[in-house]
file upload11.pdb (PDB, C-alpha atoms)
ATOM      1  CA  MET A   1     113.164  22.413 134.800
ATOM      2  CA  ALA A   2     116.790  23.249 134.129
ATOM      3  CA  THR A   3     117.757  26.177 131.928
ATOM      4  CA  ILE A   4     120.946  27.482 130.389
ATOM      5  CA  SER A   5     121.728  30.971 129.180
ATOM      6  CA  PRO A   6     122.721  31.420 125.540
ATOM      7  CA  ALA A   7     126.100  32.753 126.722
ATOM      8  CA  ALA A   8     126.751  29.587 128.759
ATOM      9  CA  LEU A   9     125.676  27.428 125.797
ATOM     10  CA  ALA A  10     128.044  29.385 123.554
ATOM     11  CA  GLN A  11     130.860  28.788 126.035
ATOM     12  CA  LEU A  12     130.111  25.031 126.058
ATOM     13  CA  GLN A  13     130.110  25.001 122.269
ATOM     14  CA  ARG A  14     133.459  26.805 122.103
ATOM     15  CA  SER A  15     134.967  24.270 124.545
ATOM     16  CA  ASP A  16     134.365  21.513 121.970
ATOM     17  CA  GLN A  17     132.004  19.615 124.257
ATOM     18  CA  ARG A  18     129.470  17.372 122.548
ATOM     19  CA  ILE A  19     126.205  19.321 122.533
ATOM     20  CA  GLU A  20     122.918  18.001 121.237
ATOM     21  CA  LEU A  21     120.530  20.893 120.600
ATOM     22  CA  ILE A  22     116.988  20.295 119.393
ATOM     23  CA  ASP A  23     115.053  23.216 117.907
ATOM     24  CA  VAL A  24     111.321  22.591 118.401
ATOM     25  CA  ARG A  25     110.023  25.351 116.116
ATOM     26  CA  THR A  26     108.270  24.707 112.818
ATOM     27  CA  PRO A  27     110.465  23.803 109.823
ATOM     28  CA  ALA A  28     109.712  27.201 108.260
ATOM     29  CA  GLU A  29     110.850  29.062 111.395
ATOM     30  CA  PHE A  30     113.940  26.846 111.610
ATOM     31  CA  GLN A  31     114.758  27.582 107.982
ATOM     32  CA  GLU A  32     114.632  31.324 108.632
ATOM     33  CA  VAL A  33     117.250  31.329 111.410
ATOM     34  CA  HIS A  34     118.688  28.703 113.728
ATOM     35  CA  VAL A  35     121.748  27.918 115.789
ATOM     36  CA  ASP A  36     124.106  26.178 113.372
ATOM     37  CA  PHE A  37     124.516  23.009 115.452
ATOM     38  CA  ALA A  38     120.786  22.586 116.155
ATOM     39  CA  ARG A  39     118.581  20.023 114.509
ATOM     40  CA  ASN A  40     114.897  20.559 113.885
ATOM     41  CA  VAL A  41     112.281  18.386 115.594
ATOM     42  CA  PRO A  42     108.989  20.344 115.602
ATOM     43  CA  LEU A  43     107.149  20.308 118.925
ATOM     44  CA  ASP A  44     104.055  18.674 117.421
ATOM     45  CA  GLN A  45     106.237  15.769 116.170
ATOM     46  CA  LEU A  46     108.391  15.436 119.299
ATOM     47  CA  ASP A  47     108.686  11.840 120.545
ATOM     48  CA  PRO A  48     110.946  11.917 123.628
ATOM     49  CA  ALA A  49     111.452   8.148 123.784
ATOM     50  CA  LYS A  50     112.490   7.971 120.136
ATOM     51  CA  ILE A  51     114.948  10.857 120.508
ATOM     52  CA  VAL A  52     116.580   9.419 123.642
ATOM     53  CA  GLN A  53     116.762   5.960 122.057
ATOM     54  CA  ALA A  54     118.507   7.398 118.981
ATOM     55  CA  ARG A  55     121.224   8.994 121.126
ATOM     56  CA  ASN A  56     123.258   5.736 121.006
ATOM     57  CA  GLY A  57     124.535   5.439 124.539
ATOM     58  CA  SER A  58     124.511   9.134 125.359
ATOM     59  CA  ALA A  59     121.025   9.109 126.883
ATOM     60  CA  ASN A  60     122.353  10.394 130.217
ATOM     61  CA  GLU A  61     124.206  13.341 128.681
ATOM     62  CA  PRO A  62     122.396  16.686 128.692
ATOM     63  CA  LEU A  63     119.954  17.354 125.875
ATOM     64  CA  TYR A  64     119.393  21.017 125.077
ATOM     65  CA  VAL A  65     116.107  22.350 123.705
ATOM     66  CA  ILE A  66     115.505  25.674 121.989
ATOM     67  CA  CYS A  67     112.602  27.505 120.343
ATOM     68  CA  ARG A  68     111.979  31.122 119.382
ATOM     69  CA  SER A  69     111.760  32.670 122.853
ATOM     70  CA  GLY A  70     111.475  29.849 125.412
ATOM     71  CA  GLY A  71     107.796  28.877 125.650
ATOM     72  CA  ARG A  72     107.774  25.919 123.269
ATOM     73  CA  GLY A  73     111.142  24.850 124.662
ATOM     74  CA  GLN A  74     109.505  24.677 128.103
ATOM     75  CA  GLN A  75     106.690  22.542 126.651
ATOM     76  CA  ALA A  76     109.257  20.211 125.058
ATOM     77  CA  CYS A  77     111.110  19.864 128.369
ATOM     78  CA  ASP A  78     107.805  19.026 130.061
ATOM     79  CA  LYS A  79     107.195  16.295 127.451
ATOM     80  CA  PHE A  80     110.624  14.799 128.170
ATOM     81  CA  ALA A  81     110.021  14.973 131.934
ATOM     82  CA  LYS A  82     106.646  13.230 131.607
ATOM     83  CA  ALA A  83     108.382  10.510 129.573
ATOM     84  CA  GLY A  84     110.921  10.030 132.386
ATOM     85  CA  PHE A  85     113.929  11.872 130.927
ATOM     86  CA  ALA A  86     115.225  14.477 133.343
ATOM     87  CA  ASN A  87     118.497  15.729 131.851
ATOM     88  CA  VAL A  88     116.816  18.124 129.399
ATOM     89  CA  ILE A  89     117.779  21.792 129.492
ATOM     90  CA  ASN A  90     115.855  24.702 127.963
ATOM     91  CA  VAL A  91     117.834  27.560 126.387
ATOM     92  CA  GLU A  92     116.686  30.771 128.100
ATOM     93  CA  GLY A  93     115.204  33.288 125.692
ATOM     94  CA  GLY A  94     115.449  30.904 122.728
ATOM     95  CA  THR A  95     116.880  31.748 119.338
ATOM     96  CA  LEU A  96     116.106  35.444 119.813
ATOM     97  CA  ALA A  97     118.480  35.586 122.788
ATOM     98  CA  CYS A  98     121.131  33.521 120.983
ATOM     99  CA  GLU A  99     121.620  36.234 118.386
ATOM    100  CA  ASN A 100     123.390  38.401 120.995
ATOM    101  CA  SER A 101     125.419  35.636 122.667
ATOM    102  CA  GLY A 102     127.971  34.716 120.041
ATOM    103  CA  LEU A 103     126.364  31.441 119.002
ATOM    104  CA  PRO A 104     126.811  30.818 115.277
ATOM    105  CA  LEU A 105     123.520  31.177 113.415
ATOM    106  CA  VAL A 106     122.399  30.021 109.997
ATOM    107  CA  ARG A 107     120.072  32.408 108.196
ATOM    108  CA  GLY A 108     117.765  31.426 105.376
ATOM    109  CA  GLN A 109     114.613  32.755 103.811
ATOM    110  CA  GLU A 110     112.622  35.042 106.091
ATOM    111  CA  VAL A 111     109.197  33.730 107.128
ATOM    112  CA  MET A 112     106.312  35.052 109.158
ATOM    113  CA  SER A 113     106.487  33.911 112.790
ATOM    114  CA  LEU A 114     103.818  31.583 114.120
ATOM    115  CA  GLU A 115     102.903  34.140 116.772
ATOM    116  CA  ARG A 116     102.265  36.767 114.092
ATOM    117  CA  GLN A 117     100.197  34.296 112.052
ATOM    118  CA  VAL A 118      98.021  33.628 115.134
ATOM    119  CA  ARG A 119      97.458  37.362 115.674
ATOM    120  CA  ILE A 120      96.476  37.844 112.027
ATOM    121  CA  ALA A 121      94.137  34.824 112.007
ATOM    122  CA  ALA A 122      92.493  35.697 115.341
ATOM    123  CA  GLY A 123      92.042  39.350 114.427
ATOM    124  CA  SER A 124      90.598  38.425 111.026
ATOM    125  CA  LEU A 125      88.122  35.974 112.556
ATOM    126  CA  VAL A 126      86.992  38.514 115.159
ATOM    127  CA  LEU A 127      86.530  41.152 112.444
ATOM    128  CA  VAL A 128      84.587  38.721 110.224
ATOM    129  CA  GLY A 129      82.380  37.740 113.170
ATOM    130  CA  VAL A 130      81.571  41.373 113.968
ATOM    131  CA  LEU A 131      80.883  42.256 110.321
ATOM    132  CA  LEU A 132      78.678  39.202 109.755
ATOM    133  CA  GLY A 133      76.877  39.927 113.038
ATOM    134  CA  TRP A 134      76.205  43.454 111.935
ATOM    135  CA  LEU A 135      75.367  42.792 108.276
ATOM    136  CA  VAL A 136      73.858  39.272 108.222
ATOM    137  CA  HIS A 137      72.636  38.039 111.602
ATOM    138  CA  PRO A 138      73.477  38.921 115.231
ATOM    139  CA  TYR A 139      74.346  35.281 115.983
ATOM    140  CA  PHE A 140      77.565  35.650 113.980
ATOM    141  CA  VAL A 141      78.958  37.742 116.863
ATOM    142  CA  GLY A 142      79.359  34.343 118.543
ATOM    143  CA  LEU A 143      82.361  33.722 116.278
ATOM    144  CA  SER A 144      84.114  36.727 117.811
ATOM    145  CA  ALA A 145      83.183  35.544 121.309
ATOM    146  CA  PHE A 146      84.535  32.053 120.533
ATOM    147  CA  ILE A 147      87.866  33.457 119.310
ATOM    148  CA  GLY A 148      88.097  35.753 122.343
ATOM    149  CA  ALA A 149      87.456  32.818 124.691
ATOM    150  CA  GLY A 150      90.108  30.808 122.856
ATOM    151  CA  LEU A 151      92.655  33.603 123.299
ATOM    152  CA  VAL A 152      91.899  33.818 127.027
ATOM    153  CA  PHE A 153      92.272  30.023 127.310
ATOM    154  CA  ALA A 154      95.575  30.188 125.404
ATOM    155  CA  GLY A 155      96.868  32.871 127.756
ATOM    156  CA  VAL A 156      95.834  31.029 130.914
ATOM    157  CA  THR A 157      97.107  27.582 129.862
ATOM    158  CA  ASP A 158     100.069  28.704 127.722
ATOM    159  CA  THR A 159      98.841  26.454 124.912
ATOM    160  CA  CYS A 160      97.377  27.747 121.699
ATOM    161  CA  GLY A 161      95.078  25.579 119.606
ATOM    162  CA  MET A 162      95.171  28.052 116.738
ATOM    163  CA  GLY A 163      98.969  28.084 116.860
ATOM    164  CA  MET A 164      99.076  24.286 116.796
ATOM    165  CA  LEU A 165      96.696  24.256 113.836
ATOM    166  CA  LEU A 166      98.669  26.907 111.950
ATOM    167  CA  ALA A 167     101.917  25.013 112.626
ATOM    168  CA  ARG A 168     100.491  22.156 110.523
ATOM    169  CA  MET A 169      99.675  24.347 107.527
ATOM    170  CA  PRO A 170     101.665  23.634 104.346
ATOM    171  CA  TRP A 171     103.575  26.926 104.443
ATOM    172  CA  ASN A 172     104.807  26.048 107.968
ATOM    173  CA  THR A 173     105.686  22.408 107.327
ATOM    174  CA  ARG A 174     107.940  22.667 104.305
ATOM    175  CA  VAL A 175     111.211  20.996 105.099
ATOM    176  CA  ALA A 176     114.303  23.099 104.599
ATOM    177  CA  ALA A 177     117.443  21.581 103.158
ATOM    178  CA  THR A 178     119.235  22.784 106.298
ATOM    179  CA  ALA A 179     116.751  21.080 108.622
ATOM    180  CA  SER A 180     118.831  17.920 108.672
ATOM    181  CA  HIS A 181     121.645  19.428 110.754
ATOM    182  CA  CYS A 182     122.903  17.008 113.365
ATOM    183  CA  SER A 183     124.393  17.795 116.735
ATOM    184  CA  VAL A 184     128.062  18.598 117.141
TER     185      VAL A 184
END

call {"tool": "encode", "arguments": {"input": "upload11.pdb", "output": "structure tokens"}}
result
Amino acid sequence: MATISPAALAQLQRSDQRIELIDVRTPAEFQEVHVDFARNVPLDQLDPAKIVQARNGSANEPLYVICRSGGRGQQACDKFAKAGFANVINVEGGTLACENSGLPLVRGQEVMSLERQVRIAAGSLVLVGVLLGWLVHPYFVGLSAFIGAGLVFAGVTDTCGMGMLLARMPWNTRVAATASHCSV
């Protein structure tokens, strides 16, 4: 998979080249902060064929993908590759790295990151499982074991079922007025 540094992307943007940048984070994360010429297409709604078809003759030009720190961008690039589109480039370090590279950012209302939501949900479920196992019935400890196994699976496979579920929650799916930005 091809990557580009935020500094190199900033240089391309300053050279007035046509850049199509897709931000694959949730609408709430996009609303909080995003590169000003990015458009939001959440990873769980990403349809590579539809995006390439909508490019109106520029299907062979590079398509840049960005997320918070690079992981979801990698997953998006993999989706494009599996669909047969190879000229997709992940922005190294994601939006976090772009803050220091001179890329223009749009800032909106601050939201809680999906990663933080997963930590809170997982920790709460483990705590509830332990408390119920101690106070109600020992079988409730199984809830904590299930969450622990899920976290190990998420770490090994670099996919997170809880994160995907939380991304679909109403507070993460609200559409920001700025989410309709098109590419430059």

call {"tool": "atom_distance", "arguments": {"input": "upload11.pdb", "atom1": "atom CA of A:Ala81", "atom2": "atom CA of A:Cys160"}}
result
20.7 Å

call {"tool": "resolve_selection", "arguments": {"input": "upload11.pdb", "expression": "the PyMOL selection byres ((chain A and resi 104) around 6)", "output": "ChimeraX atom specification"}}
result
/A:35-36,103,105

call {"tool": "resolve_selection", "arguments": {"input": "upload11.pdb", "expression": "the PyMOL selection byres ((chain A and resi 164) around 12)", "output": "VMD selection string"}}
result
chain A and resid 25 to 26 42 to 45 72 114 to 115 117 to 118 154 158 to 163 165 to 169 172 to 173

call {"tool": "residues_near_point", "arguments": {"input": "upload11.pdb", "point": "(113.2, 26.9, 135.1)", "cutoff": "9 Å", "atoms": "all atoms listed in the file", "output": "PyMOL selection string"}}
result
chain A and resi 1-3+74+89-90+92

call {"tool": "resolve_selection", "arguments": {"input": "upload11.pdb", "expression": "the PyMOL selection byres ((chain A and resi 67) around 10)", "output": "list in words"}}
result
Ile22, Asp23, Val24, Arg25, Thr26, Glu29, Phe30, His34, Asn40, Pro42, Leu43, Val65, Ile66, Arg68, Ser69, Gly70, Gly71, Arg72, Gly73, Gln74, Gln75, Ala76, Asn90, Val91, Glu92, Gly93, Gly94, Thr95 and Leu96 of chain A

call {"tool": "closest_residue", "arguments": {"input": "upload11.pdb", "among": "A:Asp47, A:Cys98, A:Pro27, A:Val152", "to": "A:Ser5", "atoms": "only C-alpha atoms"}}
result
A:Cys98

call {"tool": "closest_residue", "arguments": {"input": "upload11.pdb", "among": "A:Leu131, A:Val106, A:Val88, A:Ala10", "to": "A:Glu32", "atoms": "only C-alpha atoms"}}
result
A:Val106

call {"tool": "atom_distance", "arguments": {"input": "upload11.pdb", "atom1": "atom CA of A:Thr157", "atom2": "atom CA of A:Val33"}}
result
27.6 Å

call {"tool": "closest_residue", "arguments": {"input": "upload11.pdb", "among": "A:Ala54, A:Leu127, A:Pro138, A:Ala28", "to": "A:Glu110", "atoms": "all atoms listed in the file"}}
result
A:Ala28

call {"tool": "closest_residue", "arguments": {"input": "upload11.pdb", "among": "A:Glu20, A:Pro170, A:Phe80, A:Ile51", "to": "A:Arg39", "atoms": "only C-alpha atoms"}}
result
A:Glu20

call {"tool": "axis_aligned_box", "arguments": {"input": "upload11.pdb", "around": "stretch 38-54 of chain A", "padding_each_side": "4 Å", "output": "lines of an AutoDock Vina configuration file"}}
result
center_x = 112.4
center_y = 14.3
center_z = 118.8
size_x = 24.7
size_y = 24.6
size_z = 17.9

call {"tool": "residues_around", "arguments": {"input": "upload11.pdb", "residues": "A:Gly123", "least_positions_apart": "6", "cutoff": "12 Å", "atoms": "all atoms listed in the file", "output": "short mmCIF file (atom, residue, chain, number, x, y, z; two decimals) with C-alpha atoms, keeping the file's coordinate frame"}}
result
data_model
loop_
_atom_site.label_atom_id
_atom_site.label_comp_id
_atom_site.auth_asym_id
_atom_site.auth_seq_id
_atom_site.Cartn_x
_atom_site.Cartn_y
_atom_site.Cartn_z
CA ARG A 116 102.26 36.77 114.09
CA GLN A 117 100.20 34.30 112.05
CA GLY A 129 82.38 37.74 113.17
CA VAL A 130 81.57 41.37 113.97
CA LEU A 143 82.36 33.72 116.28
CA SER A 144 84.11 36.73 117.81
CA ALA A 145 83.18 35.54 121.31
CA ILE A 147 87.87 33.46 119.31
CA GLY A 148 88.10 35.75 122.34
CA LEU A 151 92.66 33.60 123.30
CA MET A 162 95.17 28.05 116.74
#

call {"tool": "atom_distance", "arguments": {"input": "upload11.pdb", "atom1": "atom CA of A:Gln31", "atom2": "atom CA of A:Ala122"}}
result
24.8 Å

call {"tool": "closest_residue", "arguments": {"input": "upload11.pdb", "among": "A:Met112, A:Ala7, A:Leu125, A:Val136", "to": "A:Gly150", "atoms": "only C-alpha atoms"}}
result
A:Leu125

call {"tool": "closest_residue", "arguments": {"input": "upload11.pdb", "among": "A:Leu9, A:Cys77, A:Ala86, A:Val111", "to": "A:Trp171", "atoms": "only C-alpha atoms"}}
result
A:Val111

call {"tool": "build_atoms", "arguments": {"input": "upload11.pdb", "residues": "stretch 53-82 of chain A", "atoms": "N, CA and C atoms", "output": "JSON list (two decimals), keeping the file's coordinate frame"}}
result
[["chain", "number", "residue", "atom", "x", "y", "z"],
["A", 53, "GLN", "N", 116.31, 7.25, 122.57],
["A", 53, "GLN", "CA", 116.76, 5.96, 122.06],
["A", 53, "GLN", "C", 117.79, 6.14, 120.93],
["A", 54, "ALA", "N", 117.61, 7.15, 120.11],
["A", 54, "ALA", "CA", 118.51, 7.40, 118.98],
["A", 54, "ALA", "C", 119.84, 8.01, 119.40],
["A", 55, "ARG", "N", 119.99, 8.35, 120.66],
["A", 55, "ARG", "CA", 121.22, 8.99, 121.13],
["A", 55, "ARG", "C", 122.38, 8.02, 121.27],
["A", 56, "ASN", "N", 122.19, 6.75, 121.03],
["A", 56, "ASN", "CA", 123.26, 5.74, 121.01],
["A", 56, "ASN", "C", 124.21, 5.80, 122.20],
["A", 57, "GLY", "N", 123.68, 5.51, 123.37],
["A", 57, "GLY", "CA", 124.54, 5.44, 124.54],
["A", 57, "GLY", "C", 124.78, 6.75, 125.25],
["A", 58, "SER", "N", 124.29, 7.84, 124.70],
["A", 58, "SER", "CA", 124.51, 9.13, 125.36],
["A", 58, "SER", "C", 123.21, 9.66, 125.98],
["A", 59, "ALA", "N", 122.33, 8.72, 126.35],
["A", 59, "ALA", "CA", 121.02, 9.11, 126.88],
["A", 59, "ALA", "C", 121.14, 9.89, 128.18],
["A", 60, "ASN", "N", 122.21, 9.68, 128.94],
["A", 60, "ASN", "CA", 122.35, 10.39, 130.22],
["A", 60, "ASN", "C", 123.03, 11.75, 130.07],
["A", 61, "GLU", "N", 123.59, 12.04, 128.91],
["A", 61, "GLU", "CA", 124.21, 13.34, 128.68],
["A", 61, "GLU", "C", 123.11, 14.39, 128.52],
["A", 62, "PRO", "N", 123.43, 15.64, 128.81],
["A", 62, "PRO", "CA", 122.40, 16.69, 128.69],
["A", 62, "PRO", "C", 121.87, 16.81, 127.25],
["A", 63, "LEU", "N", 120.60, 17.08, 127.15],
["A", 63, "LEU", "CA", 119.95, 17.35, 125.88],
["A", 63, "LEU", "C", 119.42, 18.78, 125.99],
["A", 64, "TYR", "N", 119.79, 19.62, 125.05],
["A", 64, "TYR", "CA", 119.39, 21.02, 125.08],
["A", 64, "TYR", "C", 118.25, 21.23, 124.10],
["A", 65, "VAL", "N", 117.30, 22.07, 124.50],
["A", 65, "VAL", "CA", 116.11, 22.35, 123.70],
["A", 65, "VAL", "C", 116.00, 23.86, 123.52],
["A", 66, "ILE", "N", 115.62, 24.25, 122.30],
["A", 66, "ILE", "CA", 115.50, 25.67, 121.99],
["A", 66, "ILE", "C", 114.28, 25.90, 121.12],
["A", 67, "CYS", "N", 113.71, 27.09, 121.22],
["A", 67, "CYS", "CA", 112.60, 27.50, 120.34],
["A", 67, "CYS", "C", 112.85, 28.97, 119.99],
["A", 68, "ARG", "N", 111.81, 29.71, 119.74],
["A", 68, "ARG", "CA", 111.98, 31.12, 119.38],
["A", 68, "ARG", "C", 112.34, 31.97, 120.60],
["A", 69, "SER", "N", 111.53, 31.82, 121.69],
["A", 69, "SER", "CA", 111.76, 32.67, 122.85],
["A", 69, "SER", "C", 111.70, 31.93, 124.18],
["A", 70, "GLY", "N", 111.44, 30.63, 124.18],
["A", 70, "GLY", "CA", 111.48, 29.85, 125.41],
["A", 70, "GLY", "C", 110.22, 29.07, 125.76],
["A", 71, "GLY", "N", 109.06, 29.52, 125.28],
["A", 71, "GLY", "CA", 107.80, 28.88, 125.65],
["A", 71, "GLY", "C", 107.64, 27.46, 125.13],
["A", 72, "ARG", "N", 107.88, 27.26, 123.84],
["A", 72, "ARG", "CA", 107.77, 25.92, 123.27],
["A", 72, "ARG", "C", 108.90, 25.02, 123.78],
["A", 73, "GLY", "N", 110.05, 25.62, 124.07],
["A", 73, "GLY", "CA", 111.14, 24.85, 124.66],
["A", 73, "GLY", "C", 110.73, 24.30, 126.02],
["A", 74, "GLN", "N", 110.03, 25.11, 126.80],
["A", 74, "GLN", "CA", 109.50, 24.68, 128.10],
["A", 74, "GLN", "C", 108.53, 23.51, 127.91],
["A", 75, "GLN", "N", 107.64, 23.62, 126.92],
["A", 75, "GLN", "CA", 106.69, 22.54, 126.65],
["A", 75, "GLN", "C", 107.41, 21.26, 126.26],
["A", 76, "ALA", "N", 108.48, 21.38, 125.46],
["A", 76, "ALA", "CA", 109.26, 20.21, 125.06],
["A", 76, "ALA", "C", 109.93, 19.57, 126.28],
["A", 77, "CYS", "N", 110.49, 20.40, 127.15],
["A", 77, "CYS", "CA", 111.11, 19.86, 128.37],
["A", 77, "CYS", "C", 110.08, 19.14, 129.23],
["A", 78, "ASP", "N", 108.88, 19.69, 129.31],
["A", 78, "ASP", "CA", 107.80, 19.03, 130.06],
["A", 78, "ASP", "C", 107.47, 17.67, 129.46],
["A", 79, "LYS", "N", 107.46, 17.57, 128.12],
["A", 79, "LYS", "CA", 107.20, 16.30, 127.45],
["A", 79, "LYS", "C", 108.27, 15.27, 127.81],
["A", 80, "PHE", "N", 109.53, 15.70, 127.80],
["A", 80, "PHE", "CA", 110.62, 14.80, 128.17],
["A", 80, "PHE", "C", 110.49, 14.35, 129.62],
["A", 81, "ALA", "N", 110.16, 15.30, 130.51],
["A", 81, "ALA", "CA", 110.02, 14.97, 131.93],
["A", 81, "ALA", "C", 108.89, 13.96, 132.15],
["A", 82, "LYS", "N", 107.77, 14.16, 131.48],
["A", 82, "LYS", "CA", 106.65, 13.23, 131.61],
["A", 82, "LYS", "C", 107.00, 11.85, 131.08]]
